[in-house]
file query-v4.cif (mmCIF, C-alpha atoms and all ligand atoms)
data_entry
#
loop_
_atom_site.label_atom_id
_atom_site.label_comp_id
_atom_site.auth_asym_id
_atom_site.auth_seq_id
_atom_site.Cartn_x
_atom_site.Cartn_y
_atom_site.Cartn_z
CA MET A 48 -32.86 -5.18 -17.94
CA GLY A 49 -29.80 -4.35 -15.83
CA THR A 50 -27.46 -5.76 -18.49
CA THR A 51 -29.05 -3.68 -21.28
CA PHE A 52 -28.79 -0.54 -19.20
CA LEU A 53 -25.14 -1.11 -18.29
CA THR A 54 -24.22 -1.85 -21.90
CA ALA A 55 -25.84 1.38 -22.99
CA VAL A 56 -23.95 3.37 -20.38
CA ARG A 57 -20.65 2.05 -21.72
CA GLY A 58 -21.38 3.22 -25.28
CA ARG A 59 -21.45 6.63 -26.94
CA SER A 60 -25.15 7.15 -26.42
CA GLY A 61 -24.53 6.14 -22.85
CA ARG A 62 -22.52 9.29 -22.29
CA LEU A 63 -25.59 11.38 -23.14
CA LEU A 64 -27.68 9.21 -20.88
CA HIS A 65 -25.09 9.63 -18.15
CA ALA A 66 -25.22 13.45 -18.46
CA ALA A 67 -29.01 13.43 -18.31
CA ALA A 68 -28.97 11.08 -15.36
CA ALA A 69 -26.51 13.32 -13.54
CA ALA A 70 -29.00 16.18 -13.72
CA LEU A 71 -31.82 13.97 -12.45
CA THR A 72 -29.97 12.29 -9.59
CA THR A 73 -28.09 15.24 -8.03
CA PRO A 74 -26.78 15.30 -5.29
CA LEU A 75 -26.19 11.56 -5.76
CA LEU A 76 -24.23 10.65 -8.89
CA PRO A 77 -25.31 8.13 -11.51
CA ALA A 78 -22.28 6.12 -10.43
CA ASP A 79 -23.90 5.69 -7.03
CA TYR A 80 -26.88 3.99 -8.67
CA LEU A 81 -24.66 1.97 -10.99
CA ALA A 82 -22.89 0.69 -7.90
CA LEU A 83 -26.19 -0.93 -6.90
CA PHE A 84 -25.96 -3.08 -10.04
CA ASP A 85 -22.23 -3.70 -9.78
CA PRO A 86 -19.92 -2.29 -7.05
CA LEU A 87 -17.11 -1.99 -9.63
CA LEU A 88 -19.06 0.68 -11.53
CA GLY A 89 -19.31 3.04 -8.56
CA GLY A 90 -16.43 5.47 -9.09
CA ARG A 91 -16.98 7.33 -5.83
CA TRP A 92 -15.72 4.39 -3.74
CA PRO A 93 -13.31 2.36 -5.87
CA ALA A 94 -13.65 -1.38 -5.48
CA GLY A 95 -12.15 -4.51 -6.96
CA ARG A 96 -13.38 -8.05 -7.52
CA VAL A 97 -11.24 -11.08 -6.70
CA GLU A 98 -10.76 -12.99 -9.94
CA SER A 99 -8.56 -15.80 -8.69
CA VAL A 100 -6.79 -17.03 -5.59
CA ARG A 101 -3.39 -18.73 -5.55
CA PRO A 102 -1.76 -20.25 -2.46
CA GLU A 103 1.93 -19.28 -2.17
CA THR A 104 2.85 -21.00 1.11
CA ALA A 105 0.87 -22.51 3.99
CA GLU A 106 0.22 -18.97 5.29
CA ALA A 107 0.48 -16.67 2.28
CA THR A 108 -1.97 -16.27 -0.58
CA THR A 109 -2.04 -14.22 -3.73
CA LEU A 110 -5.33 -12.59 -4.69
CA VAL A 111 -5.70 -11.45 -8.29
CA ILE A 112 -8.07 -8.49 -8.30
CA ARG A 113 -9.76 -6.66 -11.16
CA PRO A 114 -10.20 -3.02 -10.16
CA GLY A 115 -13.35 -1.09 -10.97
CA ARG A 116 -13.90 2.51 -11.96
CA GLY A 117 -12.00 5.24 -10.24
CA TRP A 118 -8.99 3.22 -9.12
CA GLY A 119 -5.84 4.95 -10.28
CA GLY A 120 -3.27 2.16 -10.68
CA PHE A 121 0.10 1.88 -8.92
CA ARG A 122 3.87 1.85 -9.26
CA ALA A 123 5.97 -1.23 -8.53
CA GLY A 124 6.73 -1.36 -4.79
CA GLN A 125 3.66 0.55 -3.60
CA TYR A 126 0.93 -0.64 -1.23
CA VAL A 127 -2.82 -0.27 -1.37
CA PRO A 128 -5.48 0.20 1.34
CA VAL A 129 -8.00 -2.64 1.19
CA GLY A 130 -11.40 -2.49 2.91
CA VAL A 131 -12.85 -5.88 3.88
CA ASP A 132 -16.43 -6.32 5.05
CA ILE A 133 -16.45 -8.65 8.05
CA ASP A 134 -19.84 -9.14 9.67
CA GLY A 135 -21.09 -5.82 8.33
CA VAL A 136 -18.09 -3.78 9.53
CA LEU A 137 -15.60 -2.44 7.00
CA HIS A 138 -12.05 -3.10 8.18
CA TRP A 139 -9.14 -1.36 6.43
CA ARG A 140 -5.57 -2.60 6.14
CA THR A 141 -2.75 -1.92 3.70
CA TYR A 142 -1.08 -4.61 1.58
CA SER A 143 1.82 -4.47 -0.84
CA LEU A 144 1.09 -5.21 -4.46
CA SER A 145 3.07 -8.14 -5.79
CA SER A 146 2.36 -7.89 -9.53
CA ALA A 147 4.05 -5.64 -12.07
CA PRO A 148 1.96 -2.58 -12.98
CA GLY A 149 -0.15 -3.13 -16.06
CA ARG A 150 -2.47 -1.04 -18.20
CA PRO A 151 -5.37 0.87 -16.56
CA GLY A 152 -8.13 -1.49 -15.49
CA GLU A 153 -5.96 -4.61 -15.72
CA PRO A 154 -6.02 -7.02 -12.79
CA PHE A 155 -3.32 -6.68 -10.16
CA ALA A 156 -2.12 -9.02 -7.41
CA LEU A 157 -1.86 -8.69 -3.64
CA THR A 158 0.00 -11.27 -1.60
CA VAL A 159 -1.22 -11.55 1.98
CA LYS A 160 0.16 -13.56 4.86
CA ALA A 161 -2.25 -14.60 7.61
CA LEU A 162 -0.95 -13.16 10.89
CA PRO A 163 -1.61 -15.15 14.09
CA ASP A 164 -3.96 -12.45 15.47
CA GLY A 165 -4.85 -10.92 12.12
CA LEU A 166 -8.60 -10.63 11.65
CA VAL A 167 -8.32 -9.11 8.16
CA SER A 168 -5.16 -10.88 6.98
CA GLY A 169 -6.67 -14.21 8.01
CA ARG A 170 -9.86 -13.48 6.13
CA LEU A 171 -7.99 -12.44 2.99
CA ALA A 172 -5.36 -15.18 3.05
CA GLN A 173 -7.54 -18.11 4.06
CA ASP A 174 -11.19 -17.32 3.56
CA THR A 175 -11.63 -15.22 0.40
CA GLY A 176 -12.82 -16.72 -2.84
CA PRO A 177 -13.24 -15.54 -6.42
CA GLY A 178 -16.08 -13.06 -6.76
CA THR A 179 -15.44 -11.32 -3.44
CA VAL A 180 -15.66 -7.53 -3.72
CA LEU A 181 -13.11 -5.48 -1.77
CA ARG A 182 -12.98 -1.71 -1.32
CA LEU A 183 -9.75 -0.08 -2.53
CA GLY A 184 -7.95 3.10 -1.55
CA PRO A 185 -5.36 4.89 -3.67
CA ALA A 186 -1.99 3.15 -4.04
CA GLN A 187 0.59 4.82 -1.82
CA GLY A 188 4.22 4.79 -0.80
CA ASP A 189 7.58 5.89 -2.16
CA PHE A 190 9.29 2.50 -1.82
CA THR A 191 9.78 2.47 -5.57
CA LEU A 192 12.68 2.34 -7.98
CA PRO A 193 14.05 5.58 -9.46
CA GLU A 194 14.33 6.24 -13.16
CA PRO A 195 16.98 5.68 -14.47
CA LEU A 196 17.76 2.56 -12.47
CA PRO A 197 20.89 2.46 -10.32
CA GLU A 198 23.82 0.61 -11.84
CA ARG A 199 23.97 -1.68 -8.84
CA THR A 200 20.94 -2.63 -6.75
CA LEU A 201 20.53 -4.78 -3.66
CA PHE A 202 17.16 -6.05 -2.48
CA LEU A 203 17.27 -7.32 1.08
CA THR A 204 14.05 -8.93 2.28
CA ALA A 205 12.64 -11.41 4.76
CA GLY A 206 9.37 -13.34 4.86
CA ILE A 207 6.39 -11.60 3.31
CA GLY A 208 8.60 -8.48 2.99
CA LEU A 209 9.53 -9.88 -0.39
CA THR A 210 6.12 -8.80 -1.76
CA PRO A 211 6.87 -5.19 -2.89
CA VAL A 212 10.28 -6.28 -4.18
CA MET A 213 8.62 -9.04 -6.19
CA SER A 214 6.51 -6.37 -7.87
CA MET A 215 9.72 -4.51 -8.77
CA LEU A 216 11.48 -7.65 -10.02
CA ARG A 217 8.50 -8.61 -12.18
CA ALA A 218 8.37 -5.05 -13.55
CA LEU A 219 12.10 -5.13 -14.31
CA ALA A 220 11.85 -8.56 -15.94
CA ARG A 221 8.96 -7.37 -18.11
CA ARG A 222 10.68 -4.08 -18.98
CA GLN A 223 13.99 -5.67 -19.87
CA GLY A 224 12.26 -8.13 -22.13
CA GLY A 225 14.19 -11.16 -20.95
CA ARG A 226 17.43 -12.89 -21.54
CA ASN A 227 19.51 -10.43 -23.55
CA ALA A 228 18.58 -7.15 -21.92
CA SER A 229 19.93 -5.81 -18.65
CA ALA A 230 18.49 -4.10 -15.59
CA GLY A 231 22.00 -3.28 -14.42
CA ASP A 232 23.31 -5.51 -11.69
CA VAL A 233 20.67 -6.69 -9.23
CA VAL A 234 21.20 -8.88 -6.16
CA LEU A 235 18.30 -10.23 -4.13
CA VAL A 236 19.08 -11.59 -0.67
CA HIS A 237 15.95 -13.09 0.81
CA SER A 238 15.51 -14.82 4.13
CA ALA A 239 12.74 -17.32 4.96
CA PRO A 240 12.39 -20.20 7.43
CA ASP A 241 12.81 -22.90 4.79
CA ARG A 242 12.11 -23.70 1.15
CA ALA A 243 8.43 -24.49 1.70
CA ALA A 244 7.87 -21.19 3.50
CA THR A 245 9.54 -19.08 0.79
CA VAL A 246 6.97 -17.01 -1.09
CA PHE A 247 7.58 -16.93 -4.84
CA GLY A 248 10.50 -19.36 -4.35
CA ARG A 249 9.98 -21.23 -7.60
CA GLU A 250 9.55 -18.06 -9.65
CA LEU A 251 12.71 -16.57 -8.12
CA ARG A 252 14.72 -19.59 -9.16
CA VAL A 253 13.34 -19.37 -12.70
CA LEU A 254 13.99 -15.62 -12.89
CA SER A 255 17.58 -15.96 -11.71
CA ARG A 256 18.22 -18.62 -14.35
CA ARG A 257 16.70 -16.55 -17.17
CA MET A 258 17.83 -13.03 -16.27
CA PRO A 259 21.61 -12.61 -16.36
CA TRP A 260 21.38 -9.27 -14.56
CA LEU A 261 19.79 -10.91 -11.49
CA ARG A 262 21.54 -12.90 -8.76
CA VAL A 263 19.34 -14.50 -6.08
CA HIS A 264 20.59 -15.68 -2.70
CA LEU A 265 17.95 -17.49 -0.64
CA HIS A 266 18.80 -17.89 3.03
CA HIS A 267 16.84 -20.46 5.05
CA THR A 268 17.00 -19.76 8.76
CA ARG A 269 15.46 -23.05 9.90
CA THR A 270 17.70 -25.30 7.87
CA SER A 271 20.90 -23.26 8.34
CA GLY A 272 20.17 -22.72 12.03
CA ARG A 273 21.09 -19.03 11.93
CA ARG A 274 19.66 -15.68 11.00
CA LEU A 275 21.04 -13.56 8.22
CA THR A 276 22.56 -10.69 10.19
CA PRO A 277 23.93 -7.47 8.66
CA GLN A 278 27.40 -8.70 9.62
CA ARG A 279 26.97 -11.86 7.50
CA LEU A 280 25.80 -9.90 4.47
CA SER A 281 29.36 -9.33 3.19
CA ALA A 282 29.72 -13.04 2.51
CA VAL A 283 26.87 -13.07 -0.01
CA CYS A 284 27.13 -9.50 -1.32
CA PRO A 285 30.62 -8.09 -0.71
CA ASP A 286 29.93 -4.72 -2.38
CA TRP A 287 26.71 -3.96 -0.46
CA ARG A 288 28.07 -0.57 0.65
CA GLU A 289 28.19 0.63 -2.96
CA ARG A 290 24.69 -0.56 -3.87
CA GLN A 291 21.38 1.27 -3.68
CA THR A 292 19.52 -1.00 -1.27
CA TRP A 293 15.78 -1.54 -0.85
CA THR A 294 14.79 -3.57 2.19
CA CYS A 295 11.49 -4.80 3.58
CA GLY A 296 10.79 -7.24 6.40
CA PRO A 297 10.09 -7.48 10.14
CA GLY A 298 10.66 -4.35 12.24
CA PRO A 299 13.64 -5.69 14.27
CA MET A 300 15.44 -6.62 11.06
CA LEU A 301 14.87 -3.17 9.61
CA ASP A 302 16.07 -1.52 12.82
CA ALA A 303 19.27 -3.61 12.75
CA LEU A 304 19.90 -2.77 9.11
CA ARG A 305 19.29 0.92 9.62
CA GLN A 306 21.79 0.92 12.49
CA HIS A 307 24.36 -1.02 10.46
CA TRP A 308 24.07 1.30 7.44
CA HIS A 309 24.19 4.33 9.76
CA GLU A 310 27.50 3.10 11.20
CA GLN A 311 29.03 3.16 7.71
CA GLY A 312 28.58 6.93 7.40
CA PRO A 313 26.14 9.24 5.61
CA ALA A 314 27.17 8.34 2.04
CA VAL A 315 26.32 4.67 2.62
CA GLU A 316 23.28 5.42 4.80
CA ARG A 317 21.72 7.51 2.01
CA ARG A 318 21.65 4.42 -0.20
CA LEU A 319 19.29 2.53 2.13
CA HIS A 320 15.52 2.62 1.43
CA LEU A 321 13.24 0.93 3.97
CA GLU A 322 9.63 -0.15 3.89
CA ARG A 323 7.73 -0.92 7.08
CA PHE A 324 4.46 -2.75 6.87
CA ARG A 325 2.48 -0.94 9.50
CA PRO A 326 1.90 2.74 8.80
CA ALA A 327 2.73 5.09 11.65
CA LEU A 328 -0.36 5.63 13.72
CA PRO A 329 -1.42 9.15 14.58
CA ALA A 330 0.51 10.45 17.54
CA ALA A 331 -1.22 10.29 20.88
CA ALA A 332 -2.66 13.52 22.20
CA SER A 333 0.20 15.88 22.80
CA GLY A 334 0.36 19.45 23.94
CA ALA A 335 3.42 20.19 21.83
CA GLY A 336 2.59 23.17 19.65
CA ALA A 337 -1.11 22.84 20.37
CA GLU A 338 -3.35 25.86 20.86
CA ASP A 339 -6.68 26.14 22.63
CA GLY A 340 -9.48 26.69 20.20
CA LEU A 341 -12.74 25.50 18.80
CA ILE A 342 -13.90 23.08 16.14
CA ARG A 343 -17.04 24.25 14.39
CA PHE A 344 -18.98 21.58 12.49
CA GLN A 345 -20.58 24.02 10.12
CA ARG A 346 -23.50 22.07 8.67
CA THR A 347 -24.44 20.36 11.92
CA GLY A 348 -24.18 23.60 13.88
CA VAL A 349 -22.11 22.04 16.67
CA ASP A 350 -19.14 23.74 18.36
CA VAL A 351 -16.61 21.61 20.26
CA PRO A 352 -13.54 22.75 22.22
CA ALA A 353 -10.43 21.78 20.25
CA GLY A 354 -8.63 19.40 22.59
CA ALA A 355 -4.85 19.36 22.15
CA GLY A 356 -3.88 16.61 19.72
CA VAL A 357 -7.40 15.17 19.44
CA PRO A 358 -8.28 14.19 15.85
CA LEU A 359 -11.25 16.07 14.37
CA LEU A 360 -12.95 12.71 13.84
CA ARG A 361 -12.86 11.82 17.52
CA ALA A 362 -13.91 15.30 18.63
CA GLY A 363 -16.87 15.23 16.26
CA GLU A 364 -17.98 11.75 17.26
CA ALA A 365 -17.78 12.64 20.95
CA ALA A 366 -20.10 15.56 20.24
CA GLY A 367 -22.59 13.41 18.34
CA VAL A 368 -21.75 14.68 14.85
CA ALA A 369 -22.28 12.10 12.08
CA MET A 370 -18.67 11.73 10.93
CA PRO A 371 -17.77 9.69 7.83
CA SER A 372 -14.95 7.30 8.62
CA GLY A 373 -13.17 4.14 7.57
CA CYS A 374 -9.78 2.86 8.64
CA ARG A 375 -9.19 5.60 11.26
CA MET A 376 -5.49 5.32 10.45
CA GLY A 377 -5.04 7.80 7.62
CA ILE A 378 -5.03 5.23 4.83
CA CYS A 379 -8.47 4.95 3.24
CA PHE A 380 -9.54 8.58 2.73
CA GLY A 381 -13.01 7.60 3.97
CA CYS A 382 -13.11 10.47 6.48
CA VAL A 383 -12.22 13.50 4.40
CA ALA A 384 -14.04 16.77 4.94
CA SER A 385 -13.61 20.20 3.46
CA LEU A 386 -11.96 22.82 5.63
CA VAL A 387 -14.07 25.98 5.76
CA GLN A 388 -11.79 28.07 7.90
CA GLY A 389 -8.70 27.78 10.08
CA ARG A 390 -5.71 25.45 10.06
CA VAL A 391 -5.15 21.81 10.97
CA ARG A 392 -2.08 19.79 11.91
CA ASP A 393 -1.45 16.36 10.39
CA LEU A 394 -0.62 14.20 13.41
CA ARG A 395 1.61 11.92 11.36
CA THR A 396 3.88 14.56 9.92
CA GLY A 397 3.29 17.66 12.03
CA GLU A 398 2.55 19.57 8.83
CA ILE A 399 0.10 22.45 9.22
CA THR A 400 -2.29 23.30 6.38
CA GLY A 401 -5.04 25.83 6.23
CA GLU A 402 -6.48 26.77 2.87
CA PRO A 403 -10.31 27.00 2.79
CA GLY A 404 -11.60 24.17 0.64
CA THR A 405 -8.70 21.84 1.46
CA LEU A 406 -9.85 18.25 1.96
CA VAL A 407 -8.54 17.09 5.31
CA GLN A 408 -8.40 13.56 6.73
CA THR A 409 -10.30 14.06 9.97
CA CYS A 410 -8.94 10.88 11.57
CA VAL A 411 -5.33 12.12 11.52
CA CYS A 412 -5.76 15.90 11.67
CA THR A 413 -6.18 18.04 14.74
CA ALA A 414 -7.27 21.65 15.02
CA VAL A 415 -4.73 24.42 15.32
CA GLY A 416 -6.69 27.11 17.10
CA THR A 417 -10.20 27.62 15.78
CA VAL A 418 -11.30 25.73 12.70
CA ALA A 419 -14.54 25.12 10.84
CA VAL A 420 -15.19 22.01 8.77
CA ASP A 421 -17.98 21.33 6.31
CA LEU A 422 -19.78 18.61 8.26
S1 LIG B 1 -8.17 7.93 6.23
FE1 LIG B 1 -9.40 6.23 6.76
S2 LIG B 1 -10.74 7.04 8.26
FE2 LIG B 1 -9.38 8.64 7.85
#

call {"tool": "encode", "arguments": {"input": "query-v4.cif", "output": "structure tokens"}}
result
Amino acid sequence: MGTTFLTAVRGRSGRLLHAAAAALTTPLLPADYLALFDPLLGGRWPAGRVESVRPETAEATTLVIRPGRGWGGFRAGQYVPVGVDIDGVLHWRTYSLSSAPGRPGEPFALTVKALPDGLVSGRLAQDTGPGTVLRLGPAQGDFTLPEPLPERTLFLTAGIGLTPVMSMLRALARRQGGRNASAGDVVLVHSAPDRAATVFGRELRVLSRRMPWLRVHLHHTRTSGRRLTPQRLSAVCPDWRERQTWTCGPGPMLDALRQHWHEQGPAVERRLHLERFRPALPAAASGAGAEDGLIRFQRTGVDVPAGAGVPLLRAGEAAGVAMPSGCRMGICFGCVASLVQGRVRDLRTGEITGEPGTLVQTCVCTAVGTVAVDL
């Protein structure tokens, strides 16, 4: 019976059925009921189903995921929030997409490395099989290539930091159509412990043979006995100062590169684009610019003093208000509420917004003076 119903919903007559169902099921949406049959049909909370799993190295795994309704696609180089159910608790993390963007609804790939203390990365990289359903947030990030492409590009990556760059390289390879076309002049310098620990190593070697516009330099720290420092970069890419550079890897490496580019002056520094894996967490409570005030949870009828720098989510929970939430880090949009009155400050950016009706992320927004939210 479920199959017949779902097939009907997909067809023309299904649209009429959908409209009628919407009237009957308000305030829930038909999609909420469809999600009971198949989580991928519930557009309110986009989800994806793991179609296949491919080991890349001993620690890194690629998951090919077919997204369901309501997921908006991505650009090469972006990352996506992923919600993983572990023992009944939804844990959110962000992961870079490793595939080239395809058509809407097409499967995409995430490549995840199991971190030593990583509850979610370990589950995804080592203990997730085909058929697993994962919640998805909207793809995010501006670590993407401009259009038109720069004449000369340098990708500088280490370890699993190659993932977003791999998405870009695959997109470029697909766009250029292969051997006789050009994506300008692209150099990839990638550092990994050794050949076995190099994600996408085989594909990189094939790409560099087939694409004349691409030059790949793989640096193996374990076998060479030394790290690839900014100072050694000139040996493998002498014109790095003139290239637009995209870099992704461990934090200390990015800090060293930022410093090195900074020392070359503003014109060179402007050509450096960095991607850090961990999003900045909301700032700790701070009195800077804060005002005393009140948070009114309109529907619940609860008033709470607006503590300086305290996220609305935490203030509401402390007062016993049922607050929707997810990642608590500003990535999943599982905590949004409509602002009825007043202004809020985004703790990540310091930006103040205050239009009635604005959807605010309560986990990363704090009250500026007196505010009312629709909760
Ligand atoms: S964005 Fe995830 S809980 Fe706020």

call {"tool": "closest_residue", "arguments": {"input": "query-v4.cif", "among": "A:Tyr126, A:Tyr142, A:Phe121, A:Phe380", "to": "ligand LIG 1 (chain B)", "atoms": "all atoms listed in the file"}}
result
A:Phe380

call {"tool": "residues_near_ligand", "arguments": {"input": "query-v4.cif", "ligand": "ligand LIG 1 (chain B)", "cutoff": "8 Å", "atoms": "only C-alpha atoms and all ligand atoms", "output": "ChimeraX atom specification"}}
result
/A:139,371-383,408-411

call {"tool": "closest_residue", "arguments": {"input": "query-v4.cif", "among": "A:Gly176, A:Gly356, A:Pro93, A:Pro313", "to": "A:Gly130", "atoms": "all atoms listed in the file"}}
result
A:Pro93

call {"tool": "closest_residue", "arguments": {"input": "query-v4.cif", "among": "A:Arg343, A:Arg150, A:Arg390, A:Arg217", "to": "A:Pro403", "atoms": "all atoms listed in the file"}}
result
A:Arg390

call {"tool": "closest_residue", "arguments": {"input": "query-v4.cif", "among": "A:Leu386, A:Glu153, A:Arg249, A:Asp421", "to": "A:Val407", "atoms": "only C-alpha atoms"}}
result
A:Leu386

call {"tool": "atom_distance", "arguments": {"input": "query-v4.cif", "atom1": "atom CA of A:Glu316", "atom2": "atom CA of A:Thr204"}}
result
17.2 Å

call {"tool": "axis_aligned_box", "arguments": {"input": "query-v4.cif", "around": "stretch 339-343 of chain A", "padding_each_side": "3 Å", "output": "JSON"}}
result
{"center_x": -11.9, "center_y": 24.9, "center_z": 18.5, "size_x": 16.4, "size_y": 9.6, "size_z": 14.2}

call {"tool": "closest_atom_pairs", "arguments": {"input": "query-v4.cif", "of": "stretch 153-236 of chain A", "to": "stretch 98-114 of chain A", "cutoff": "9 Å", "atoms": "all atoms listed in the file", "output": "Markdown table"}}
result
| residue | atom | partner | partner_atom | distance |
| --- | --- | --- | --- | --- |
| A:Glu153 | CA | A:Arg113 | CA | 6.3 |
| A:Pro154 | CA | A:Arg113 | CA | 4.1 |
| A:Phe155 | CA | A:Ile112 | CA | 5.4 |
| A:Ala156 | CA | A:Val111 | CA | 4.4 |
| A:Leu157 | CA | A:Leu110 | CA | 5.3 |
| A:Thr158 | CA | A:Thr109 | CA | 4.2 |
| A:Val159 | CA | A:Ala107 | CA | 5.4 |
| A:Lys160 | CA | A:Ala107 | CA | 4.1 |
| A:Ala161 | CA | A:Glu106 | CA | 5.5 |
| A:Leu162 | CA | A:Glu106 | CA | 8.2 |
| A:Gly169 | CA | A:Glu106 | CA | 8.8 |
| A:Leu171 | CA | A:Thr108 | CA | 8.0 |
| A:Ala172 | CA | A:Thr108 | CA | 5.1 |
| A:Gln173 | CA | A:Thr108 | CA | 7.5 |
| A:Thr175 | CA | A:Val100 | CA | 7.9 |
| A:Gly176 | CA | A:Val100 | CA | 6.6 |
| A:Pro177 | CA | A:Glu98 | CA | 5.0 |
| A:Gly178 | CA | A:Glu98 | CA | 6.2 |
| A:Thr179 | CA | A:Glu98 | CA | 8.2 |
| A:Val180 | CA | A:Ile112 | CA | 8.9 |
| A:Leu181 | CA | A:Ile112 | CA | 8.8 |
| A:Leu183 | CA | A:Pro114 | CA | 8.2 |
| A:Ile207 | CA | A:Ala107 | CA | 7.9 |

call {"tool": "closest_residue", "arguments": {"input": "query-v4.cif", "among": "A:Ala414, A:Leu360, A:Cys295, A:Val283", "to": "A:Gly340", "atoms": "all atoms listed in the file"}}
result
A:Ala414

call {"tool": "closest_residue", "arguments": {"input": "query-v4.cif", "among": "A:Trp287, A:Trp293, A:Ala239, A:Pro358", "to": "A:Thr270", "atoms": "only C-alpha atoms"}}
result
A:Ala239

call {"tool": "residues_around", "arguments": {"input": "query-v4.cif", "residues": "A:Thr191", "least_positions_apart": "3", "cutoff": "10 Å", "atoms": "all atoms listed in the file", "output": "number ranges by chain"}}
result
A: 122-125, 188, 194, 211-212, 214-215, 293, 320, 322

call {"tool": "atom_distance", "arguments": {"input": "query-v4.cif", "atom1": "atom CA of A:Leu261", "atom2": "atom CA of A:Pro148"}}
result
19.7 Å

call {"tool": "residues_near_point", "arguments": {"input": "query-v4.cif", "point": "(-15.1, 24.9, 8.6)", "cutoff": "7 Å", "atoms": "all atoms listed in the file", "output": "number ranges by chain"}}
result
A: 343-345, 386-388, 418-421

call {"tool": "decode", "arguments": {"input": "query-v4.cif", "residues": "stretch 257-274 of chain A", "atoms": "N, CA and C atoms", "output": "PDB file, in the first residue's frame"}}
result
ATOM      1  N   ARG A 257      46.559  12.610 -17.441  1.00  0.00           N
ATOM      2  CA  ARG A 257      45.586  12.879 -18.504  1.00  0.00           C
ATOM      3  C   ARG A 257      45.331  14.360 -18.734  1.00  0.00           C
ATOM      4  N   MET A 258      45.529  15.198 -17.721  1.00  0.00           N
ATOM      5  CA  MET A 258      45.168  16.610 -17.835  1.00  0.00           C
ATOM      6  C   MET A 258      46.441  17.448 -17.951  1.00  0.00           C
ATOM      7  N   PRO A 259      46.738  17.972 -19.122  1.00  0.00           N
ATOM      8  CA  PRO A 259      47.988  18.709 -19.292  1.00  0.00           C
ATOM      9  C   PRO A 259      48.043  20.000 -18.487  1.00  0.00           C
ATOM     10  N   TRP A 260      46.897  20.502 -18.077  1.00  0.00           N
ATOM     11  CA  TRP A 260      46.878  21.746 -17.301  1.00  0.00           C
ATOM     12  C   TRP A 260      47.186  21.513 -15.822  1.00  0.00           C
ATOM     13  N   LEU A 261      47.306  20.240 -15.412  1.00  0.00           N
ATOM     14  CA  LEU A 261      47.472  19.924 -13.991  1.00  0.00           C
ATOM     15  C   LEU A 261      48.841  19.311 -13.713  1.00  0.00           C
ATOM     16  N   ARG A 262      49.543  19.885 -12.700  1.00  0.00           N
ATOM     17  CA  ARG A 262      50.804  19.298 -12.259  1.00  0.00           C
ATOM     18  C   ARG A 262      50.644  18.932 -10.778  1.00  0.00           C
ATOM     19  N   VAL A 263      50.939  17.684 -10.445  1.00  0.00           N
ATOM     20  CA  VAL A 263      50.744  17.192  -9.069  1.00  0.00           C
ATOM     21  C   VAL A 263      52.094  16.893  -8.446  1.00  0.00           C
ATOM     22  N   HIS A 264      52.318  17.464  -7.257  1.00  0.00           N
ATOM     23  CA  HIS A 264      53.514  17.120  -6.493  1.00  0.00           C
ATOM     24  C   HIS A 264      53.057  16.506  -5.171  1.00  0.00           C
ATOM     25  N   LEU A 265      53.339  15.228  -4.982  1.00  0.00           N
ATOM     26  CA  LEU A 265      52.981  14.547  -3.736  1.00  0.00           C
ATOM     27  C   LEU A 265      54.210  14.481  -2.840  1.00  0.00           C
ATOM     28  N   HIS A 266      54.065  15.013  -1.635  1.00  0.00           N
ATOM     29  CA  HIS A 266      55.175  15.023  -0.680  1.00  0.00           C
ATOM     30  C   HIS A 266      54.857  14.036   0.442  1.00  0.00           C
ATOM     31  N   HIS A 267      55.759  13.083   0.696  1.00  0.00           N
ATOM     32  CA  HIS A 267      55.524  12.085   1.735  1.00  0.00           C
ATOM     33  C   HIS A 267      56.456  12.343   2.912  1.00  0.00           C
ATOM     34  N   THR A 268      55.840  12.782   4.006  1.00  0.00           N
ATOM     35  CA  THR A 268      56.655  13.209   5.157  1.00  0.00           C
ATOM     36  C   THR A 268      57.392  12.037   5.805  1.00  0.00           C
ATOM     37  N   ARG A 269      56.754  10.866   5.840  1.00  0.00           N
ATOM     38  CA  ARG A 269      57.373   9.735   6.550  1.00  0.00           C
ATOM     39  C   ARG A 269      58.572   9.215   5.763  1.00  0.00           C
ATOM     40  N   THR A 270      58.411   9.130   4.468  1.00  0.00           N
ATOM     41  CA  THR A 270      59.507   8.552   3.681  1.00  0.00           C
ATOM     42  C   THR A 270      60.616   9.574   3.406  1.00  0.00           C
ATOM     43  N   SER A 271      60.248  10.861   3.304  1.00  0.00           N
ATOM     44  CA  SER A 271      61.297  11.870   3.069  1.00  0.00           C
ATOM     45  C   SER A 271      61.938  12.301   4.373  1.00  0.00           C
ATOM     46  N   GLY A 272      61.231  12.073   5.496  1.00  0.00           N
ATOM     47  CA  GLY A 272      61.776  12.446   6.796  1.00  0.00           C
ATOM     48  C   GLY A 272      61.669  13.928   7.093  1.00  0.00           C
ATOM     49  N   ARG A 273      60.884  14.673   6.313  1.00  0.00           N
ATOM     50  CA  ARG A 273      60.754  16.097   6.629  1.00  0.00           C
ATOM     51  C   ARG A 273      59.390  16.625   6.172  1.00  0.00           C
ATOM     52  N   ARG A 274      58.971  17.671   6.875  1.00  0.00           N
ATOM     53  CA  ARG A 274      57.694  18.288   6.534  1.00  0.00           C
ATOM     54  C   ARG A 274      57.876  19.246   5.368  1.00  0.00           C
TER      55      ARG A 274
END
